[in-house]
>>> print(open('query-v4.csv').read())   # CSV, C-alpha atoms and all ligand atoms
chain,number,residue,atom,x,y,z
A,23,MET,CA,24.8,-16.7,2.5
A,24,GLU,CA,27.2,-19.6,3.2
A,25,HIS,CA,25.2,-21.5,5.7
A,26,ASN,CA,26.1,-25.0,6.9
A,27,THR,CA,23.4,-27.3,5.6
A,28,GLN,CA,24.6,-30.4,7.6
A,29,GLN,CA,22.3,-29.7,10.4
A,30,SER,CA,18.9,-30.4,8.8
A,31,LYS,CA,20.3,-33.5,7.1
A,32,ASP,CA,21.6,-34.9,10.4
A,33,SER,CA,18.5,-34.1,12.3
A,34,THR,CA,16.4,-35.9,9.7
A,35,SER,CA,18.4,-39.1,10.0
A,36,ARG,CA,18.4,-38.9,13.8
A,37,ARG,CA,14.6,-38.5,13.8
A,38,SER,CA,14.1,-41.5,11.6
A,39,PHE,CA,16.5,-43.5,13.8
A,40,LEU,CA,14.5,-42.5,16.8
A,41,ARG,CA,11.2,-43.4,15.1
A,42,LYS,CA,12.7,-46.8,14.2
A,43,GLY,CA,14.0,-47.2,17.8
A,44,LEU,CA,10.5,-46.5,19.2
A,45,ALA,CA,8.9,-48.9,16.8
A,46,VAL,CA,11.2,-51.7,17.5
A,47,GLY,CA,12.0,-51.5,21.2
A,48,GLY,CA,9.4,-49.1,22.6
A,49,ALA,CA,10.3,-46.0,24.4
A,50,GLY,CA,11.3,-47.8,27.6
A,51,ALA,CA,14.1,-49.6,25.8
A,52,ILE,CA,15.7,-46.3,24.8
A,53,GLY,CA,16.3,-45.0,28.3
A,54,ALA,CA,17.1,-48.5,29.6
A,55,GLY,CA,18.5,-48.4,33.1
A,56,LEU,CA,18.0,-44.6,33.4
A,57,LEU,CA,14.3,-44.5,33.6
A,58,ALA,CA,13.7,-46.4,36.8
A,59,ASN,CA,9.9,-46.1,36.8
A,60,GLY,CA,9.5,-46.7,33.1
A,61,LEU,CA,8.5,-43.2,32.1
A,62,PRO,CA,8.8,-43.1,28.3
A,63,ALA,CA,11.7,-40.8,27.2
A,64,PHE,CA,9.8,-39.6,24.2
A,65,ALA,CA,6.2,-39.4,25.4
A,66,GLU,CA,3.8,-37.5,23.2
A,67,VAL,CA,2.4,-35.6,26.0
A,68,ALA,CA,4.4,-33.1,28.1
A,69,SER,CA,5.2,-34.4,31.5
A,70,GLY,CA,4.9,-32.2,34.6
A,71,GLY,CA,5.0,-29.1,32.5
A,72,LEU,CA,8.2,-30.1,30.7
A,73,THR,CA,8.0,-30.9,27.1
A,74,PRO,CA,9.6,-34.3,26.1
A,75,GLY,CA,12.3,-32.3,24.3
A,76,ASP,CA,13.1,-30.2,27.4
A,77,ALA,CA,13.2,-33.3,29.6
A,78,ALA,CA,15.6,-35.0,27.2
A,79,ILE,CA,17.9,-32.0,27.0
A,80,LEU,CA,18.0,-31.7,30.8
A,81,ARG,CA,18.5,-35.5,31.3
A,82,PHE,CA,21.4,-35.5,28.9
A,83,LEU,CA,23.0,-32.5,30.6
A,84,SER,CA,22.6,-34.1,33.9
A,85,ALA,CA,24.3,-37.3,32.6
A,86,ALA,CA,27.1,-35.1,31.2
A,87,GLU,CA,27.5,-33.3,34.5
A,88,ILE,CA,27.6,-36.7,36.4
A,89,LEU,CA,30.5,-37.7,34.1
A,90,GLU,CA,32.2,-34.4,34.6
A,91,THR,CA,31.8,-34.8,38.3
A,92,ASP,CA,33.3,-38.2,38.2
A,93,LEU,CA,36.5,-37.1,36.4
A,94,TRP,CA,36.9,-33.9,38.4
A,95,GLN,CA,36.5,-35.9,41.6
A,96,GLN,CA,39.4,-38.0,40.5
A,97,TYR,CA,41.5,-34.9,39.9
A,98,ASN,CA,40.5,-33.4,43.2
A,99,GLU,CA,41.3,-36.5,45.3
A,100,LEU,CA,45.0,-36.3,44.0
A,101,GLY,CA,45.5,-32.7,43.1
A,102,GLY,CA,42.8,-30.5,44.6
A,103,ILE,CA,41.7,-29.6,48.1
A,104,GLN,CA,39.8,-32.4,50.0
A,105,ASP,CA,37.3,-30.9,52.4
A,106,SER,CA,33.7,-31.0,53.4
A,107,GLU,CA,32.6,-29.4,50.1
A,108,VAL,CA,34.5,-31.9,48.0
A,109,SER,CA,35.2,-34.9,50.1
A,110,GLY,CA,37.2,-38.0,49.3
A,111,GLY,CA,40.9,-38.7,48.8
A,112,SER,CA,43.9,-37.3,50.7
A,113,GLY,CA,46.1,-35.8,47.9
A,114,SER,CA,49.3,-36.7,46.2
A,115,LYS,CA,52.0,-34.2,47.2
A,116,LEU,CA,54.3,-34.6,44.2
A,117,TYR,CA,51.4,-34.5,41.7
A,118,THR,CA,49.9,-31.4,43.5
A,119,GLN,CA,53.3,-29.7,43.4
A,120,ALA,CA,53.6,-30.4,39.6
A,121,LEU,CA,50.1,-28.9,39.0
A,122,GLN,CA,51.2,-25.8,41.0
A,123,VAL,CA,53.9,-25.2,38.5
A,124,LEU,CA,51.0,-24.1,36.2
A,125,ASP,CA,49.5,-21.9,38.9
A,126,GLY,CA,49.9,-21.8,42.7
A,127,ASP,CA,46.1,-21.8,43.0
A,128,MET,CA,45.5,-25.0,41.0
A,129,PRO,CA,44.3,-27.1,44.0
A,130,GLN,CA,41.7,-24.4,44.8
A,131,TYR,CA,40.6,-24.2,41.1
A,132,ILE,CA,40.3,-28.0,40.8
A,133,HIS,CA,38.3,-28.1,44.0
A,134,ASP,CA,35.9,-25.3,42.8
A,135,ASN,CA,35.4,-26.8,39.4
A,136,THR,CA,34.6,-30.1,41.0
A,137,GLU,CA,32.1,-28.5,43.4
A,138,ASP,CA,30.5,-26.7,40.4
A,139,GLU,CA,29.9,-30.0,38.5
A,140,ILE,CA,28.5,-31.6,41.6
A,141,SER,CA,26.0,-28.7,42.0
A,142,HIS,CA,25.1,-28.8,38.3
A,143,PHE,CA,24.0,-32.5,38.2
A,144,THR,CA,22.4,-32.3,41.6
A,145,PHE,CA,20.4,-29.2,40.6
A,146,ILE,CA,19.3,-30.5,37.2
A,147,ASN,CA,18.3,-33.9,38.7
A,148,ALA,CA,16.3,-32.2,41.5
A,149,TYR,CA,14.6,-30.0,38.9
A,150,LEU,CA,13.6,-33.1,36.8
A,151,VAL,CA,12.2,-34.8,39.9
A,152,SER,CA,10.2,-31.7,40.8
A,153,LYS,CA,8.6,-32.0,37.4
A,154,GLY,CA,7.8,-35.6,37.8
A,155,VAL,CA,10.4,-36.8,35.4
A,156,ASP,CA,13.1,-39.4,36.1
A,157,PRO,CA,16.6,-38.0,36.8
A,158,ALA,CA,19.8,-39.3,35.1
A,159,ASN,CA,21.5,-42.0,37.1
A,160,LEU,CA,24.7,-43.7,35.8
A,161,ASP,CA,25.5,-45.5,39.1
A,162,ARG,CA,25.5,-49.0,37.7
A,163,PHE,CA,28.3,-48.0,35.3
A,164,ARG,CA,30.7,-47.1,38.1
A,165,THR,CA,33.0,-50.0,37.2
A,166,LEU,CA,36.3,-48.5,36.1
A,167,PRO,CA,39.3,-48.8,38.5
A,168,SER,CA,40.7,-45.9,40.6
A,169,SER,CA,44.3,-44.8,40.4
A,170,LYS,CA,46.5,-46.8,42.8
A,171,ALA,CA,48.5,-43.8,43.7
A,172,THR,CA,48.5,-42.8,47.4
A,173,GLY,CA,45.7,-40.2,47.9
A,174,ALA,CA,43.1,-41.7,45.6
A,175,GLN,CA,39.9,-43.4,47.0
A,176,GLN,CA,39.5,-47.0,45.9
A,177,ILE,CA,36.0,-46.9,44.4
A,178,GLY,CA,34.4,-47.6,41.0
A,179,ARG,CA,34.6,-44.8,38.4
A,180,LEU,CA,32.7,-43.8,35.4
A,181,THR,CA,35.6,-42.2,33.6
A,182,ASN,CA,39.2,-43.2,32.8
A,183,LEU,CA,41.9,-40.5,33.3
A,184,MET,CA,44.8,-42.8,32.7
A,185,GLN,CA,44.7,-43.4,28.9
A,186,LEU,CA,43.9,-40.0,27.5
A,187,THR,CA,44.4,-38.8,23.9
A,188,VAL,CA,43.8,-35.1,24.4
A,189,ASP,CA,42.7,-33.0,21.5
A,190,THR,CA,44.2,-29.5,22.1
A,191,SER,CA,42.8,-28.0,18.9
A,192,TYR,CA,40.6,-25.7,21.0
A,193,TRP,CA,43.8,-23.7,21.4
A,194,THR,CA,43.9,-22.7,17.7
A,195,LYS,CA,40.1,-22.8,17.3
A,196,TYR,CA,39.7,-19.9,19.7
A,197,ARG,CA,42.7,-18.0,18.2
A,198,SER,CA,41.6,-18.2,14.6
A,199,ARG,CA,40.2,-15.0,13.0
A,200,THR,CA,38.9,-16.6,9.8
A,201,LYS,CA,37.7,-20.1,10.8
A,202,ASN,CA,34.7,-21.6,12.7
A,203,PRO,CA,34.0,-25.3,13.3
A,204,ASP,CA,30.3,-24.6,12.4
A,205,PHE,CA,31.5,-24.0,8.9
A,206,GLY,CA,33.4,-27.4,8.9
A,207,ASP,CA,36.8,-25.7,9.5
A,208,THR,CA,39.4,-27.8,11.4
A,209,PHE,CA,42.2,-26.6,13.6
A,210,PRO,CA,45.7,-27.9,14.4
A,211,PRO,CA,46.4,-29.0,18.0
A,212,ALA,CA,48.6,-27.0,20.3
A,213,ILE,CA,50.3,-30.2,21.6
A,214,PRO,CA,50.5,-32.6,18.7
A,215,GLY,CA,52.0,-35.4,20.9
A,216,LEU,CA,48.9,-35.6,23.1
A,217,LEU,CA,47.0,-36.8,20.0
A,218,GLN,CA,49.5,-39.5,19.3
A,219,GLY,CA,49.1,-42.0,22.1
A,220,GLN,CA,47.4,-42.6,25.4
A,221,PHE,CA,48.7,-40.6,28.4
A,222,PRO,CA,47.8,-40.5,32.1
A,223,ALA,CA,46.5,-37.1,33.4
A,224,ILE,CA,46.7,-38.5,37.0
A,225,PRO,CA,49.5,-40.7,38.4
A,226,ARG,CA,48.4,-44.3,37.9
A,227,SER,CA,50.4,-45.4,40.9
A,228,ASP,CA,53.2,-43.9,43.1
A,229,ALA,CA,55.6,-45.2,40.5
A,230,ASP,CA,54.4,-42.3,38.2
A,231,LEU,CA,55.7,-39.7,40.7
A,232,HIS,CA,59.2,-40.0,39.4
A,233,PRO,CA,61.3,-38.9,37.5
A,234,LYS,CA,60.4,-35.2,37.8
A,235,ASP,CA,59.7,-34.5,34.1
A,236,HIS,CA,57.4,-37.5,34.0
A,237,ILE,CA,55.1,-36.3,36.8
A,238,GLN,CA,55.3,-32.8,35.3
A,239,ALA,CA,54.2,-34.2,31.9
A,240,ILE,CA,51.2,-35.9,33.7
A,241,ALA,CA,50.4,-32.5,35.4
A,242,ASN,CA,50.8,-30.7,32.0
A,243,THR,CA,48.5,-33.3,30.4
A,244,ALA,CA,45.9,-32.6,33.1
A,245,GLY,CA,46.3,-28.9,32.5
A,246,PHE,CA,45.4,-29.2,28.8
A,247,HIS,CA,42.7,-31.8,29.6
A,248,PHE,CA,40.9,-29.4,32.0
A,249,ALA,CA,40.5,-26.9,29.2
A,250,PHE,CA,39.4,-29.6,26.7
A,251,ILE,CA,36.6,-30.7,29.0
A,252,GLU,CA,35.3,-27.3,29.8
A,253,GLN,CA,35.4,-25.9,26.2
A,254,GLY,CA,33.1,-28.8,25.4
A,255,GLY,CA,30.6,-27.6,28.0
A,256,THR,CA,31.1,-24.1,26.8
A,257,SER,CA,29.6,-25.1,23.4
A,258,LEU,CA,27.2,-27.8,24.6
A,259,TYR,CA,24.9,-25.4,26.6
A,260,PRO,CA,24.4,-22.7,23.9
A,261,SER,CA,23.9,-25.4,21.2
A,262,LEU,CA,21.2,-27.2,23.2
A,263,ALA,CA,19.6,-23.9,24.4
A,264,GLN,CA,18.5,-23.3,20.8
A,265,ARG,CA,16.2,-26.4,21.1
A,266,VAL,CA,14.6,-25.6,24.5
A,267,THR,CA,10.9,-24.8,24.6
A,268,GLY,CA,10.2,-23.7,28.2
A,269,PRO,CA,11.4,-20.2,29.4
A,270,GLU,CA,12.5,-21.7,32.8
A,271,VAL,CA,14.4,-24.5,31.2
A,272,LEU,CA,16.1,-21.9,28.9
A,273,ARG,CA,17.0,-20.0,32.0
A,274,ILE,CA,18.6,-23.1,33.5
A,275,LEU,CA,20.8,-23.6,30.4
A,276,LEU,CA,21.6,-19.9,30.1
A,277,SER,CA,22.6,-19.8,33.8
A,278,ILE,CA,24.7,-23.0,34.0
A,279,GLY,CA,26.3,-22.8,30.5
A,280,PRO,CA,28.4,-19.7,31.1
A,281,THR,CA,30.0,-21.2,34.2
A,282,GLU,CA,31.5,-23.8,31.9
A,283,THR,CA,33.0,-20.9,30.0
A,284,MET,CA,34.4,-19.4,33.2
A,285,HIS,CA,36.1,-22.8,33.8
A,286,PHE,CA,37.4,-23.0,30.2
A,287,GLN,CA,38.9,-19.5,30.3
A,288,THR,CA,40.7,-20.2,33.6
A,289,TRP,CA,42.1,-23.5,32.4
A,290,HIS,CA,43.0,-22.0,29.0
A,291,ASP,CA,45.2,-19.5,30.9
A,292,LYS,CA,46.8,-22.1,33.2
A,293,ALA,CA,47.6,-24.5,30.4
A,294,GLY,CA,49.7,-21.7,28.8
A,295,ASN,CA,52.0,-22.0,31.9
A,296,ALA,CA,52.7,-25.7,31.4
A,297,PRO,CA,56.5,-25.9,31.1
A,298,ALA,CA,58.1,-27.1,27.8
A,299,LEU,CA,59.6,-30.6,28.4
A,300,THR,CA,59.8,-34.1,27.1
A,301,ASP,CA,58.6,-37.0,29.2
A,302,PRO,CA,61.6,-39.3,29.5
A,303,THR,CA,59.4,-42.4,29.9
A,304,ASN,CA,57.4,-42.1,26.7
A,305,GLY,CA,58.8,-39.2,24.6
A,306,LEU,CA,55.7,-37.0,25.0
A,307,VAL,CA,56.7,-33.5,24.0
A,308,PHE,CA,55.3,-30.2,25.4
A,309,PRO,CA,56.7,-27.6,23.1
A,310,ASP,CA,57.3,-23.9,23.8
A,311,LEU,CA,54.2,-22.5,22.3
A,312,ASN,CA,55.7,-19.0,22.1
A,313,ALA,CA,58.6,-20.1,19.9
A,314,ALA,CA,59.0,-21.4,16.3
A,315,PRO,CA,57.6,-23.5,14.7
A,316,PHE,CA,54.7,-22.5,17.0
A,317,GLY,CA,54.5,-18.9,18.2
A,318,GLY,CA,52.5,-16.1,16.6
A,319,GLU,CA,48.8,-15.4,17.1
A,320,ASP,CA,47.7,-19.0,16.7
A,321,PHE,CA,49.7,-20.3,19.7
A,322,GLN,CA,51.0,-17.4,21.9
A,323,THR,CA,50.1,-18.3,25.5
A,324,ASN,CA,48.7,-15.0,26.7
A,325,LEU,CA,45.9,-15.0,24.1
A,326,ILE,CA,43.2,-16.4,26.2
A,327,MET,CA,40.2,-14.4,25.1
A,328,PRO,CA,38.4,-15.5,21.9
A,329,GLU,CA,39.7,-13.8,18.7
A,330,PRO,CA,36.8,-12.5,16.6
A,331,THR,CA,35.9,-14.9,13.8
A,332,VAL,CA,33.3,-15.7,11.1
A,333,PHE,CA,29.8,-16.4,12.4
A,334,LEU,CA,26.6,-17.4,10.6
A,335,SER,CA,27.9,-16.1,7.2
A,336,ARG,CA,31.4,-15.3,6.0
A,337,THR,CA,29.9,-12.0,4.6
A,338,PHE,CA,29.3,-10.6,8.2
A,339,PRO,CA,32.1,-8.9,10.1
A,340,ALA,CA,34.1,-11.1,12.4
A,341,VAL,CA,32.8,-11.3,15.9
A,342,SER,CA,34.1,-12.7,19.3
A,343,ILE,CA,31.9,-15.7,20.0
A,344,ILE,CA,31.7,-19.2,21.5
A,345,ARG,CA,32.3,-21.8,18.8
A,346,PRO,CA,30.8,-24.2,17.8
A,347,THR,CA,27.2,-23.5,18.7
A,348,GLN,CA,25.5,-25.8,16.1
A,349,ILE,CA,24.1,-29.2,17.0
A,350,ALA,CA,25.6,-30.8,14.0
A,351,GLY,CA,29.3,-31.4,14.2
A,352,SER,CA,31.0,-31.1,17.5
A,353,GLY,CA,28.6,-28.7,19.4
A,354,GLY,CA,25.7,-30.8,20.3
A,355,ALA,CA,25.1,-33.7,22.7
A,356,VAL,CA,26.2,-36.4,20.2
A,357,GLY,CA,29.2,-34.4,19.2
A,358,THR,CA,30.2,-34.1,22.9
A,359,VAL,CA,29.9,-37.8,23.5
A,360,LYS,CA,31.9,-38.5,20.4
A,361,ALA,CA,34.7,-36.1,21.5
A,362,TRP,CA,34.8,-37.5,25.1
A,363,THR,CA,34.9,-41.1,23.6
A,364,ALA,CA,37.8,-40.1,21.3
A,365,ASP,CA,39.5,-38.5,24.4
A,366,GLY,CA,39.8,-42.0,26.0
A,367,LEU,CA,37.5,-41.1,28.9
A,368,PHE,CA,35.4,-44.2,28.5
A,369,ILE,CA,38.2,-46.8,27.8
A,370,GLY,CA,37.2,-49.9,29.7
A,371,GLN,CA,33.5,-49.0,29.8
A,372,SER,CA,30.9,-51.4,28.7
A,373,ARG,CA,29.2,-51.2,25.3
A,374,GLU,CA,25.9,-50.8,27.2
A,375,PHE,CA,27.2,-47.7,28.8
A,376,LEU,CA,28.1,-46.2,25.5
A,377,ALA,CA,24.7,-47.2,24.0
A,378,VAL,CA,22.8,-45.6,26.9
A,379,LEU,CA,24.9,-42.4,26.7
A,380,ASN,CA,24.5,-42.1,23.0
A,381,GLN,CA,20.7,-42.7,23.3
A,382,LEU,CA,20.5,-39.9,25.8
A,383,ALA,CA,22.5,-37.7,23.5
A,384,GLU,CA,20.4,-38.5,20.4
A,385,ALA,CA,17.3,-37.7,22.3
A,386,ALA,CA,18.7,-34.3,23.5
A,387,ASP,CA,19.8,-33.4,19.9
A,388,ALA,CA,16.5,-34.4,18.5
A,389,ALA,CA,14.6,-31.9,20.7
A,390,ARG,CA,12.9,-29.0,18.9
A,391,ARG,CA,11.6,-25.7,20.1
A,392,GLY,CA,7.9,-26.1,20.6
B,1,FE,FE,29.2,-28.5,34.6
>>> encode(input="query-v4.csv", output="structure tokens")
Amino acid sequence: MEHNTQQSKDSTSRRSFLRKGLAVGGAGAIGAGLLANGLPAFAEVASGGLTPGDAAILRFLSAAEILETDLWQQYNELGGIQDSEVSGGSGSKLYTQALQVLDGDMPQYIHDNTEDEISHFTFINAYLVSKGVDPANLDRFRTLPSSKATGAQQIGRLTNLMQLTVDTSYWTKYRSRTKNPDFGDTFPPAIPGLLQGQFPAIPRSDADLHPKDHIQAIANTAGFHFAFIEQGGTSLYPSLAQRVTGPEVLRILLSIGPTETMHFQTWHDKAGNAPALTDPTNGLVFPDLNAAPFGGEDFQTNLIMPEPTVFLSRTFPAVSIIRPTQIAGSGGAVGTVKAWTADGLFIGQSREFLAVLNQLAEAADAARRG
């Protein structure tokens, strides 16, 4: 059996890191700023019926959902539907029109994805509070600037959508029949140019609304970024679910996680409609994925359902699955933070923010089924 052995090695080093952290700073220092009433993040005793591991998993997921909400809110203000369900902003007509080249329903989908994320963190935090455990709260890190484009609110943000380096390897990862990231396999990006620079996914100001191919390149970048974000959630929930102890907490993860997959599949489909073009302002190329040197099963744009691939052991028959689903590598909480950091989402954020987020992620990944 060809199992990946990385997991146990990584978990051991994480555990010893946490032990050291506890010895040096005490439990309170680890969740600094997030645990308002000083409840220890790694208490020995279960709190309010939640094991410490389950609380850590839920608290990280809530933080991740808060971050998703922050970025989706920015997309919705400029390119979605602003209403009582998702308020804020007044829309950017030319950006919205460029998004609608990918699908006429893009504003509705952006609105609904935003509302889903709001409901995810609101529910998880309410559940934590009901168990007597502190919720996640990142409010003091809302320091990043808003877009100056007409339609955006001028408020502090947690995430940066204006300097993204989008990894589109999810495209080939879900089309491969022989590879799986849980085996250490790597995948080429669909849009190589998006990995070679920093690109806006929303107009930074009204100056970004022209020329036409520039605002279309920004909308295309958003289209591929939507799927990047949601494929992360698609792997995060099943990865962490394997570490949950309580049946009710497991039910929460198994009920929220697949909605991330619904988002991913929708965005995967829409990204395939992004028109081939070159941004005249920076040379960013969106190639025709159905033509050479792309084309074929690894790139064709109507292949939006997962190809069966290797799972658990290469000796088993190929199976259609979510990938990765292992904590080690890119599937777990630490892997998610790493991928979002490399994406440029946190450019401009303080070192303290990254430290707090990584501590929450380490704690979630360190959880074990009781
Ligand atoms: Fe979510």
>>> residues_near_point(input="query-v4.csv", point="(24.5, -30.5, 38.6)", cutoff="10 Å", atoms="all atoms listed in the file", output="JSON, numbers by chain")
{"A": [83, 84, 85, 86, 87, 88, 90, 91, 137, 138, 139, 140, 141, 142, 143, 144, 145, 146, 147, 148, 149, 278]}
>>> closest_residue(input="query-v4.csv", among="A:Asn98, A:Ser169, A:Thr256, A:Gln185", to="ligand FE 1 (chain B)", atoms="all atoms listed in the file")
A:Thr256
>>> closest_residue(input="query-v4.csv", among="A:Leu311, A:Leu89, A:Met184, A:Leu258", to="Asn159 (chain A)", atoms="all atoms listed in the file")
A:Leu89
>>> atom_distance(input="query-v4.csv", atom1="CA of Thr331 (chain A)", atom2="CA of Thr200 (chain A)")
5.3 Å
>>> closest_residue(input="query-v4.csv", among="A:Ala313, A:Ala383, A:Leu325, A:Leu376", to="Leu180 (chain A)", atoms="only C-alpha atoms")
A:Leu376
>>> residues_around(input="query-v4.csv", residues="Gln287 (chain A)", least_positions_apart="2", cutoff="10 Å", atoms="all atoms listed in the file", output="list in words")
Ala249, Glu252, Gln253, Thr256, Thr281, Glu282, Thr283, Met284, His285, Trp289, His290, Asp291, Lys292, Ile326, Met327 and Pro328 of chain A
>>> write_last_selection(input="query-v4.csv", atoms="C-alpha atoms", output="JSON list (two decimals), in the coordinates of the input")
[["chain", "number", "residue", "atom", "x", "y", "z"],
["A", 249, "ALA", "CA", 40.50, -26.90, 29.20],
["A", 252, "GLU", "CA", 35.30, -27.30, 29.80],
["A", 253, "GLN", "CA", 35.40, -25.90, 26.20],
["A", 256, "THR", "CA", 31.10, -24.10, 26.80],
["A", 281, "THR", "CA", 30.00, -21.20, 34.20],
["A", 282, "GLU", "CA", 31.50, -23.80, 31.90],
["A", 283, "THR", "CA", 33.00, -20.90, 30.00],
["A", 284, "MET", "CA", 34.40, -19.40, 33.20],
["A", 285, "HIS", "CA", 36.10, -22.80, 33.80],
["A", 289, "TRP", "CA", 42.10, -23.50, 32.40],
["A", 290, "HIS", "CA", 43.00, -22.00, 29.00],
["A", 291, "ASP", "CA", 45.20, -19.50, 30.90],
["A", 292, "LYS", "CA", 46.80, -22.10, 33.20],
["A", 326, "ILE", "CA", 43.20, -16.40, 26.20],
["A", 327, "MET", "CA", 40.20, -14.40, 25.10],
["A", 328, "PRO", "CA", 38.40, -15.50, 21.90]]
>>> atom_distance(input="query-v4.csv", atom1="CA of Lys170 (chain A)", atom2="CA of Ile224 (chain A)")
10.1 Å
>>> atom_distance(input="query-v4.csv", atom1="CA of Phe308 (chain A)", atom2="CA of Gly111 (chain A)")
28.8 Å
>>> closest_residue(input="query-v4.csv", among="A:His247, A:His133, A:Lys360, A:Arg199", to="Glu107 (chain A)", atoms="only C-alpha atoms")
A:His133
>>> residues_near_point(input="query-v4.csv", point="(27.8, -48.1, 34.4)", cutoff="9 Å", atoms="only C-alpha atoms", output="CSV table (one decimal) with C-alpha atoms, keeping the file's coordinate frame")
chain,number,residue,atom,x,y,z
A,160,LEU,CA,24.7,-43.7,35.8
A,161,ASP,CA,25.5,-45.5,39.1
A,162,ARG,CA,25.5,-49.0,37.7
A,163,PHE,CA,28.3,-48.0,35.3
A,164,ARG,CA,30.7,-47.1,38.1
A,165,THR,CA,33.0,-50.0,37.2
A,166,LEU,CA,36.3,-48.5,36.1
A,179,ARG,CA,34.6,-44.8,38.4
A,180,LEU,CA,32.7,-43.8,35.4
A,371,GLN,CA,33.5,-49.0,29.8
A,372,SER,CA,30.9,-51.4,28.7
A,374,GLU,CA,25.9,-50.8,27.2
A,375,PHE,CA,27.2,-47.7,28.8
>>> residues_around(input="query-v4.csv", residues="Ile237 (chain A)", least_positions_apart="3", cutoff="10 Å", atoms="all atoms listed in the file", output="list of chain:residue names")
A:Leu116, A:Tyr117, A:Thr118, A:Gln119, A:Ala120, A:Leu121, A:Pro222, A:Ala223, A:Ile224, A:Pro225, A:Ala229, A:Asp230, A:Leu231, A:His232, A:Pro233, A:Lys234, A:Ile240, A:Ala241, A:Asn242, A:Thr243, A:Asp301
>>> residues_around(input="query-v4.csv", residues="Asn312 (chain A)", least_positions_apart="3", cutoff="12 Å", atoms="all atoms listed in the file", output="CSV table (one decimal) with C-alpha atoms, keeping the file's coordinate frame")
chain,number,residue,atom,x,y,z
A,212,ALA,CA,48.6,-27.0,20.3
A,294,GLY,CA,49.7,-21.7,28.8
A,295,ASN,CA,52.0,-22.0,31.9
A,296,ALA,CA,52.7,-25.7,31.4
A,297,PRO,CA,56.5,-25.9,31.1
A,298,ALA,CA,58.1,-27.1,27.8
A,308,PHE,CA,55.3,-30.2,25.4
A,309,PRO,CA,56.7,-27.6,23.1
A,315,PRO,CA,57.6,-23.5,14.7
A,316,PHE,CA,54.7,-22.5,17.0
A,317,GLY,CA,54.5,-18.9,18.2
A,318,GLY,CA,52.5,-16.1,16.6
A,319,GLU,CA,48.8,-15.4,17.1
A,320,ASP,CA,47.7,-19.0,16.7
A,321,PHE,CA,49.7,-20.3,19.7
A,322,GLN,CA,51.0,-17.4,21.9
A,323,THR,CA,50.1,-18.3,25.5
A,324,ASN,CA,48.7,-15.0,26.7
A,325,LEU,CA,45.9,-15.0,24.1
>>> closest_residue(input="query-v4.csv", among="A:Val271, A:Ile213, A:Val266, A:Val356", to="Gly254 (chain A)", atoms="only C-alpha atoms")
A:Val356
>>> residues_around(input="query-v4.csv", residues="Gly351 (chain A)", least_positions_apart="5", cutoff="8 Å", atoms="all atoms listed in the file", output="list in words")
Pro203, Asp204, Gly206 and Gly357 of chain A
>>> residues_around(input="query-v4.csv", residues="Gly110 (chain A)", least_positions_apart="3", cutoff="10 Å", atoms="only C-alpha atoms", output="ChimeraX atom specification")
/A:95-96,98-100,103-107,113,173-176
>>> write_last_selection(input="query-v4.csv", atoms="C-alpha atoms", output="mmCIF file, keeping the file's coordinate frame")
data_model
loop_
_atom_site.group_PDB
_atom_site.id
_atom_site.type_symbol
_atom_site.label_atom_id
_atom_site.label_comp_id
_atom_site.auth_asym_id
_atom_site.auth_seq_id
_atom_site.Cartn_x
_atom_site.Cartn_y
_atom_site.Cartn_z
ATOM 1 C CA GLN A 95 36.500 -35.900 41.600
ATOM 2 C CA GLN A 96 39.400 -38.000 40.500
ATOM 3 C CA ASN A 98 40.500 -33.400 43.200
ATOM 4 C CA GLU A 99 41.300 -36.500 45.300
ATOM 5 C CA LEU A 100 45.000 -36.300 44.000
ATOM 6 C CA ILE A 103 41.700 -29.600 48.100
ATOM 7 C CA GLN A 104 39.800 -32.400 50.000
ATOM 8 C CA ASP A 105 37.300 -30.900 52.400
ATOM 9 C CA SER A 106 33.700 -31.000 53.400
ATOM 10 C CA GLU A 107 32.600 -29.400 50.100
ATOM 11 C CA GLY A 113 46.100 -35.800 47.900
ATOM 12 C CA GLY A 173 45.700 -40.200 47.900
ATOM 13 C CA ALA A 174 43.100 -41.700 45.600
ATOM 14 C CA GLN A 175 39.900 -43.400 47.000
ATOM 15 C CA GLN A 176 39.500 -47.000 45.900
#
>>> closest_residue(input="query-v4.csv", among="A:Asn380, A:Asn135, A:Gln238, A:Ser257", to="ligand FE 1 (chain B)", atoms="all atoms listed in the file")
A:Asn135
>>> axis_aligned_box(input="query-v4.csv", around="region 149-155 of chain A", padding_each_side="8 Å", output="lines of an AutoDock Vina configuration file")
center_x = 11.2
center_y = -33.4
center_z = 38.1
size_x = 22.8
size_y = 22.8
size_z = 21.4
>>> build_atoms(input="query-v4.csv", residues="region 236-240 of chain A", atoms="N, CA and C atoms", output="mmCIF file, in the frame of the given file")
data_model
loop_
_atom_site.group_PDB
_atom_site.id
_atom_site.type_symbol
_atom_site.label_atom_id
_atom_site.label_comp_id
_atom_site.auth_asym_id
_atom_site.auth_seq_id
_atom_site.Cartn_x
_atom_site.Cartn_y
_atom_site.Cartn_z
ATOM 1 N N HIS A 236 58.506 -36.649 34.292
ATOM 2 C CA HIS A 236 57.400 -37.500 34.000
ATOM 3 C C HIS A 236 56.134 -37.057 34.771
ATOM 4 N N ILE A 237 56.266 -36.778 36.062
ATOM 5 C CA ILE A 237 55.100 -36.300 36.800
ATOM 6 C C ILE A 237 54.686 -34.911 36.340
ATOM 7 N N GLN A 238 55.683 -34.120 35.878
ATOM 8 C CA GLN A 238 55.300 -32.800 35.300
ATOM 9 C C GLN A 238 54.559 -32.970 34.011
ATOM 10 N N ALA A 239 54.951 -33.959 33.194
ATOM 11 C CA ALA A 239 54.200 -34.200 31.900
ATOM 12 C C ALA A 239 52.787 -34.662 32.250
ATOM 13 N N ILE A 240 52.601 -35.440 33.314
ATOM 14 C CA ILE A 240 51.200 -35.900 33.700
ATOM 15 C C ILE A 240 50.437 -34.636 34.153
#
